[in-house]
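**Q** This structure is in structure tokens; I'll ask about it shortly.
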Amino acid sequence: MDPIILSTQNLNFYYGSFQALYNISINIPEHHIVALIGPSGCGKSTLLKVFNRMSDLVSGNRVEGHVFFKNQDIFAAQTDIMSLRKRIGMVFQQPNPFPLSVRENIEYGPKVHGETNKERLEQIVHESLQSVMLWDRLKDSLKKRATELLPDEQQRICIARLLAVDPEILLMDEPCSSLDPIAIVGIEDLMQKLKEKYTIVIVTHNMQQAARVSDLAGFMLLGKLIEYGATAQIFAAPQDKRTEDYVSGHYG
Ligand SMILES: Nc1ncnc2c1ncn2[C@@H]1O[C@H](COP(=O)(O)OP(=O)(O)OP(=O)(O)O)[C@@H](O)[C@H]1O
Ligand SMILES: [Mg+2]
């Protein structure tokens, strides 16, 4: 058994009086790719945002239960949110690099966290771009504005920006939904490479993508985690009728 890096126990989440997550208990093992699937509005993004406390940014939110990152309860009073979000980074649907140069995008996080050594920053830029397979393409144009790159290059910059602060978990909320099919294959290949070093939780609407990229899949419906298990099993032999209906395309 691989060690569990992230888990929830009886997690409930409320936006004001609206309950968005019901009693979620999930274990996410290290160096795996976990896909969260389910129809629109079922709480996938909410769960992802709870994982690094981005959910704190919504006023009136309330959490019950526990979320453990390596046995540390992330909602405990002593949790440092800055360092939590450094270790558990997030990529969004629309690539959102800063309107700065490629280099400045990558250096941003390390600088915020106090890195001032020029050589070290050079090295981080090099390694991070290499990890997302952009170094050869961009090494001579580090001054180019990241927002002027191709969409998939921008998404890779967003991933590289996270890698620059040495995270452990990457949360990806429909990271391919604005990309063309060829770019999607590229990002999926990249994910396979990244899982050697990181743990990835991806939300996707695309069943084929979930089946292709993930090791484990969780099916959510109306705020509940209906079924969670090996991806092959979820798709080929779901235990719950609702999962079966969903993966066979009956709704959502
Ligand atoms: N900031 C918010 N305030 C109030 N309700 C919210 C907020 N964000 C989401 N919700 C509600 O919480 C529920 C879960 O939303 P969430 O965005 O997590 O779903 P999702 O599974 O990611 O959907 P989609 O596939 O459309 O992205 C929905 O009913 C949504 O309307
Ligand atoms: Mg969502």
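Order determines the names: the first chain of the structure tokens is A, the second B, and so forth; residues in each chain are numbered 1 upward, and ligands are numbered 1 upward as they are shown.
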How close does range 151-196 of chain A get to range 119-143 of chain A? List, as CSV, each residue of range 151-196 of chain A within 6 Å, its nearest atom pair and the distance in Å to one decimal, counting only C-alpha atoms.
**A**
```
residue,atom,partner,partner_atom,distance
A:Arg156,CA,A:Val132,CA,5.9
A:Ala160,CA,A:Ser128,CA,5.0
A:Leu163,CA,A:Ser128,CA,5.9
A:Ala164,CA,A:Ser128,CA,5.6
```
**Q** Produce a file of the selected residues containing N, CA and C atoms, as a JSON list (two decimals), in the first residue's frame.
**A**
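The file below, part03.json, is the result:
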```
[["chain", "number", "residue", "atom", "x", "y", "z"],
["A", 156, "ARG", "N", 0.78, 25.08, -19.16],
["A", 156, "ARG", "CA", 2.05, 24.52, -18.66],
["A", 156, "ARG", "C", 2.79, 25.52, -17.77],
["A", 160, "ALA", "N", 4.07, 24.95, -14.13],
["A", 160, "ALA", "CA", 5.47, 25.22, -13.79],
["A", 160, "ALA", "C", 5.58, 26.19, -12.61],
["A", 163, "LEU", "N", 5.20, 24.18, -9.61],
["A", 163, "LEU", "CA", 6.36, 23.32, -9.35],
["A", 163, "LEU", "C", 7.52, 24.13, -8.77],
["A", 164, "ALA", "N", 7.57, 25.41, -9.13],
["A", 164, "ALA", "CA", 8.66, 26.28, -8.68],
["A", 164, "ALA", "C", 8.73, 26.41, -7.17]]
```
**Q** Give me, as CSV, each residue of chain A that comes within 9 Å of ligand 1, together with its shortest interatomic pair and the distance in Å at one decimal, counting only C-alpha atoms and all ligand atoms, with rows ordered by chain and rising residue number.
**A**
```
residue,atom,partner,partner_atom_place_in_ligand_line,distance
A:Tyr14,CA,ligand 1,5 (N),8.2
A:Tyr15,CA,ligand 1,4 (C),4.9
A:Gly16,CA,ligand 1,4 (C),7.1
A:Ser17,CA,ligand 1,4 (C),8.9
A:Phe18,CA,ligand 1,5 (N),6.8
A:Gln19,CA,ligand 1,12 (O),7.5
A:Ala20,CA,ligand 1,12 (O),4.8
A:Leu21,CA,ligand 1,14 (C),7.7
A:Leu36,CA,ligand 1,21 (O),8.8
A:Ile37,CA,ligand 1,21 (O),7.9
A:Gly38,CA,ligand 1,21 (O),6.5
A:Pro39,CA,ligand 1,25 (O),5.8
A:Ser40,CA,ligand 1,25 (O),3.4
A:Gly41,CA,ligand 1,19 (O),3.4
A:Cys42,CA,ligand 1,21 (O),3.9
A:Gly43,CA,ligand 1,18 (O),3.2
A:Lys44,CA,ligand 1,21 (O),3.8
A:Ser45,CA,ligand 1,22 (O),3.6
A:Thr46,CA,ligand 1,18 (O),3.6
A:Leu47,CA,ligand 1,18 (O),6.5
A:Leu48,CA,ligand 1,18 (O),8.0
A:Lys49,CA,ligand 1,18 (O),8.3
A:Ser55,CA,ligand 1,1 (N),8.4
A:Leu57,CA,ligand 1,1 (N),8.9
A:Val58,CA,ligand 1,1 (N),5.7
A:Ser59,CA,ligand 1,1 (N),8.0
A:Gly60,CA,ligand 1,3 (N),8.6
A:Asn61,CA,ligand 1,3 (N),8.2
A:Asp173,CA,ligand 1,22 (O),8.0
A:Glu174,CA,ligand 1,27 (O),8.1
A:Val203,CA,ligand 1,22 (O),7.8
A:Thr204,CA,ligand 1,25 (O),7.9
A:His205,CA,ligand 1,25 (O),6.7
A:Met220,CA,ligand 1,21 (O),7.8
A:Leu221,CA,ligand 1,21 (O),8.2
A:Leu222,CA,ligand 1,14 (C),7.7
A:Gly223,CA,ligand 1,14 (C),6.8
```
**Q** Save out the residues we just selected, N, CA and C atoms, as an mmCIF file, in the first residue's frame.
**A**
```
data_model
loop_
_atom_site.group_PDB
_atom_site.id
_atom_site.type_symbol
_atom_site.label_atom_id
_atom_site.label_comp_id
_atom_site.auth_asym_id
_atom_site.auth_seq_id
_atom_site.Cartn_x
_atom_site.Cartn_y
_atom_site.Cartn_z
ATOM 1 N N TYR A 14 -20.437 23.730 3.788
ATOM 2 C CA TYR A 14 -21.613 24.574 3.573
ATOM 3 C C TYR A 14 -21.215 25.918 2.994
ATOM 4 N N TYR A 15 -21.946 26.354 1.955
ATOM 5 C CA TYR A 15 -21.900 27.755 1.521
ATOM 6 C C TYR A 15 -23.086 28.419 2.208
ATOM 7 N N GLY A 16 -22.856 29.150 3.279
ATOM 8 C CA GLY A 16 -23.980 29.689 4.041
ATOM 9 C C GLY A 16 -24.861 28.545 4.516
ATOM 10 N N SER A 17 -26.138 28.582 4.159
ATOM 11 C CA SER A 17 -27.026 27.518 4.622
ATOM 12 C C SER A 17 -27.091 26.352 3.631
ATOM 13 N N PHE A 18 -26.420 26.520 2.474
ATOM 14 C CA PHE A 18 -26.465 25.455 1.465
ATOM 15 C C PHE A 18 -25.345 24.448 1.685
ATOM 16 N N GLN A 19 -25.712 23.197 1.850
ATOM 17 C CA GLN A 19 -24.701 22.157 2.045
ATOM 18 C C GLN A 19 -24.236 21.619 0.685
ATOM 19 N N ALA A 20 -22.934 21.813 0.396
ATOM 20 C CA ALA A 20 -22.396 21.413 -0.911
ATOM 21 C C ALA A 20 -21.694 20.059 -0.855
ATOM 22 N N LEU A 21 -21.184 19.658 0.325
ATOM 23 C CA LEU A 21 -20.540 18.352 0.456
ATOM 24 C C LEU A 21 -21.118 17.614 1.649
ATOM 25 N N LEU A 36 -11.817 13.103 -10.116
ATOM 26 C CA LEU A 36 -13.152 13.297 -9.551
ATOM 27 C C LEU A 36 -14.095 13.576 -10.707
ATOM 28 N N ILE A 37 -15.121 12.743 -10.804
ATOM 29 C CA ILE A 37 -16.069 12.883 -11.902
ATOM 30 C C ILE A 37 -17.476 13.023 -11.329
ATOM 31 N N GLY A 38 -18.374 13.493 -12.180
ATOM 32 C CA GLY A 38 -19.767 13.646 -11.746
ATOM 33 C C GLY A 38 -20.392 14.824 -12.457
ATOM 34 N N PRO A 39 -21.731 14.881 -12.461
ATOM 35 C CA PRO A 39 -22.417 15.933 -13.208
ATOM 36 C C PRO A 39 -22.174 17.322 -12.628
ATOM 37 N N SER A 40 -22.473 18.318 -13.419
ATOM 38 C CA SER A 40 -22.278 19.713 -13.026
ATOM 39 C C SER A 40 -22.984 20.014 -11.702
ATOM 40 N N GLY A 41 -22.288 20.709 -10.835
ATOM 41 C CA GLY A 41 -22.877 21.129 -9.573
ATOM 42 C C GLY A 41 -22.830 20.090 -8.464
ATOM 43 N N CYS A 42 -22.126 18.976 -8.688
ATOM 44 C CA CYS A 42 -22.131 17.910 -7.672
ATOM 45 C C CYS A 42 -21.091 18.121 -6.573
ATOM 46 N N GLY A 43 -20.249 19.159 -6.711
ATOM 47 C CA GLY A 43 -19.315 19.478 -5.626
ATOM 48 C C GLY A 43 -17.852 19.156 -5.897
ATOM 49 N N LYS A 44 -17.524 18.831 -7.141
ATOM 50 C CA LYS A 44 -16.136 18.469 -7.468
ATOM 51 C C LYS A 44 -15.174 19.618 -7.183
ATOM 52 N N SER A 45 -15.504 20.799 -7.706
ATOM 53 C CA SER A 45 -14.610 21.945 -7.490
ATOM 54 C C SER A 45 -14.571 22.329 -6.021
ATOM 55 N N THR A 46 -15.700 22.215 -5.356
ATOM 56 C CA THR A 46 -15.750 22.548 -3.927
ATOM 57 C C THR A 46 -14.789 21.647 -3.155
ATOM 58 N N LEU A 47 -14.829 20.344 -3.439
ATOM 59 C CA LEU A 47 -13.942 19.420 -2.729
ATOM 60 C C LEU A 47 -12.478 19.762 -3.009
ATOM 61 N N LEU A 48 -12.183 20.048 -4.286
ATOM 62 C CA LEU A 48 -10.810 20.406 -4.643
ATOM 63 C C LEU A 48 -10.363 21.650 -3.862
ATOM 64 N N LYS A 49 -11.261 22.620 -3.775
ATOM 65 C CA LYS A 49 -10.891 23.870 -3.096
ATOM 66 C C LYS A 49 -10.742 23.699 -1.588
ATOM 67 N N SER A 55 -11.249 27.303 -0.286
ATOM 68 C CA SER A 55 -12.648 27.473 0.102
ATOM 69 C C SER A 55 -12.799 28.534 1.193
ATOM 70 N N LEU A 57 -11.851 31.376 1.032
ATOM 71 C CA LEU A 57 -12.034 32.682 0.400
ATOM 72 C C LEU A 57 -13.510 33.012 0.194
ATOM 73 N N VAL A 58 -14.370 31.994 0.321
ATOM 74 C CA VAL A 58 -15.809 32.233 0.168
ATOM 75 C C VAL A 58 -16.369 32.621 1.531
ATOM 76 N N SER A 59 -17.005 33.797 1.584
ATOM 77 C CA SER A 59 -17.504 34.215 2.896
ATOM 78 C C SER A 59 -18.721 33.371 3.275
ATOM 79 N N GLY A 60 -18.877 33.147 4.548
ATOM 80 C CA GLY A 60 -20.021 32.381 5.029
ATOM 81 C C GLY A 60 -19.837 30.878 4.891
ATOM 82 N N ASN A 61 -18.623 30.430 4.537
ATOM 83 C CA ASN A 61 -18.415 28.984 4.404
ATOM 84 C C ASN A 61 -18.273 28.336 5.776
ATOM 85 N N ASP A 173 -8.371 21.585 -11.776
ATOM 86 C CA ASP A 173 -9.816 21.672 -11.995
ATOM 87 C C ASP A 173 -10.096 21.829 -13.490
ATOM 88 N N GLU A 174 -10.429 20.745 -14.147
ATOM 89 C CA GLU A 174 -10.681 20.735 -15.590
ATOM 90 C C GLU A 174 -9.588 21.469 -16.366
ATOM 91 N N VAL A 203 -10.121 17.170 -11.612
ATOM 92 C CA VAL A 203 -11.552 17.152 -11.895
ATOM 93 C C VAL A 203 -11.704 17.195 -13.399
ATOM 94 N N THR A 204 -12.501 16.303 -13.935
ATOM 95 C CA THR A 204 -12.734 16.353 -15.378
ATOM 96 C C THR A 204 -14.159 15.922 -15.715
ATOM 97 N N HIS A 205 -14.681 16.588 -16.761
ATOM 98 C CA HIS A 205 -15.999 16.223 -17.280
ATOM 99 C C HIS A 205 -15.879 15.149 -18.348
ATOM 100 N N MET A 220 -19.001 11.547 -7.930
ATOM 101 C CA MET A 220 -19.775 12.378 -7.003
ATOM 102 C C MET A 220 -21.141 12.704 -7.593
ATOM 103 N N LEU A 221 -22.110 12.824 -6.690
ATOM 104 C CA LEU A 221 -23.479 13.177 -7.100
ATOM 105 C C LEU A 221 -24.103 13.952 -5.955
ATOM 106 N N LEU A 222 -24.630 15.143 -6.264
ATOM 107 C CA LEU A 222 -25.318 15.966 -5.262
ATOM 108 C C LEU A 222 -24.539 16.065 -3.942
ATOM 109 N N GLY A 223 -23.244 16.308 -4.067
ATOM 110 C CA GLY A 223 -22.428 16.563 -2.873
ATOM 111 C C GLY A 223 -21.945 15.326 -2.149
#
```
**Q** Which polymer residues have any atom within 6 Å of an atom of range 102-116 of chain A, counting only C-alpha atoms, with same-chain residues fewer than 2 positions away left out, as a list of chain:residue names?
**A**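 Selected residues are A:Leu100, A:Val125, A:Leu142, A:Lys144, A:Arg145, A:Ala146, A:Arg161, A:Val165.
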**Q** Could you save those same residues with N, CA and C atoms as a compact mmCIF listing (two decimals), in the first residue's frame?
**A**
```txt
# COMPACT_ATOMS: atom_id res chain seq x y z
N LEU A 100 2.94 38.85 -16.93
CA LEU A 100 4.36 39.16 -16.73
C LEU A 100 5.15 38.25 -17.66
N VAL A 125 13.85 28.35 -12.46
CA VAL A 125 13.19 28.63 -13.73
C VAL A 125 13.50 27.51 -14.73
N LEU A 142 12.57 33.89 -22.49
CA LEU A 142 12.08 33.98 -21.11
C LEU A 142 11.48 35.34 -20.79
N LYS A 144 9.46 36.86 -22.83
CA LYS A 144 8.16 36.96 -23.49
C LYS A 144 7.04 36.95 -22.45
N ARG A 145 5.99 37.71 -22.74
CA ARG A 145 4.84 37.72 -21.82
C ARG A 145 4.13 36.38 -21.85
N ALA A 146 3.91 35.80 -20.68
CA ALA A 146 3.29 34.47 -20.62
C ALA A 146 1.88 34.48 -21.21
N ARG A 161 4.66 27.15 -12.58
CA ARG A 161 4.64 28.14 -11.51
C ARG A 161 4.40 27.47 -10.16
N VAL A 165 7.62 26.18 -6.49
CA VAL A 165 7.65 26.29 -5.02
C VAL A 165 7.66 24.90 -4.36
```
**Q** Using only C-alpha atoms and all ligand atoms, pick whichever of A:Gln9, A:Ser177, A:Asn52, A:Ser101 has the shortest atom-to-atom distance to ligand 2.
**A**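 Residue with the minimum atom-to-atom distance to ligand 2: A:Ser177.
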**Q** For Ile74 in chain A, find every residue with an atom within 10 Å (counting only C-alpha atoms), except residues of its own chain fewer than 5 positions away, and show them as a PyMOL selection string.
**A** chain A and resi 6+50-53+66-69+79-81+84
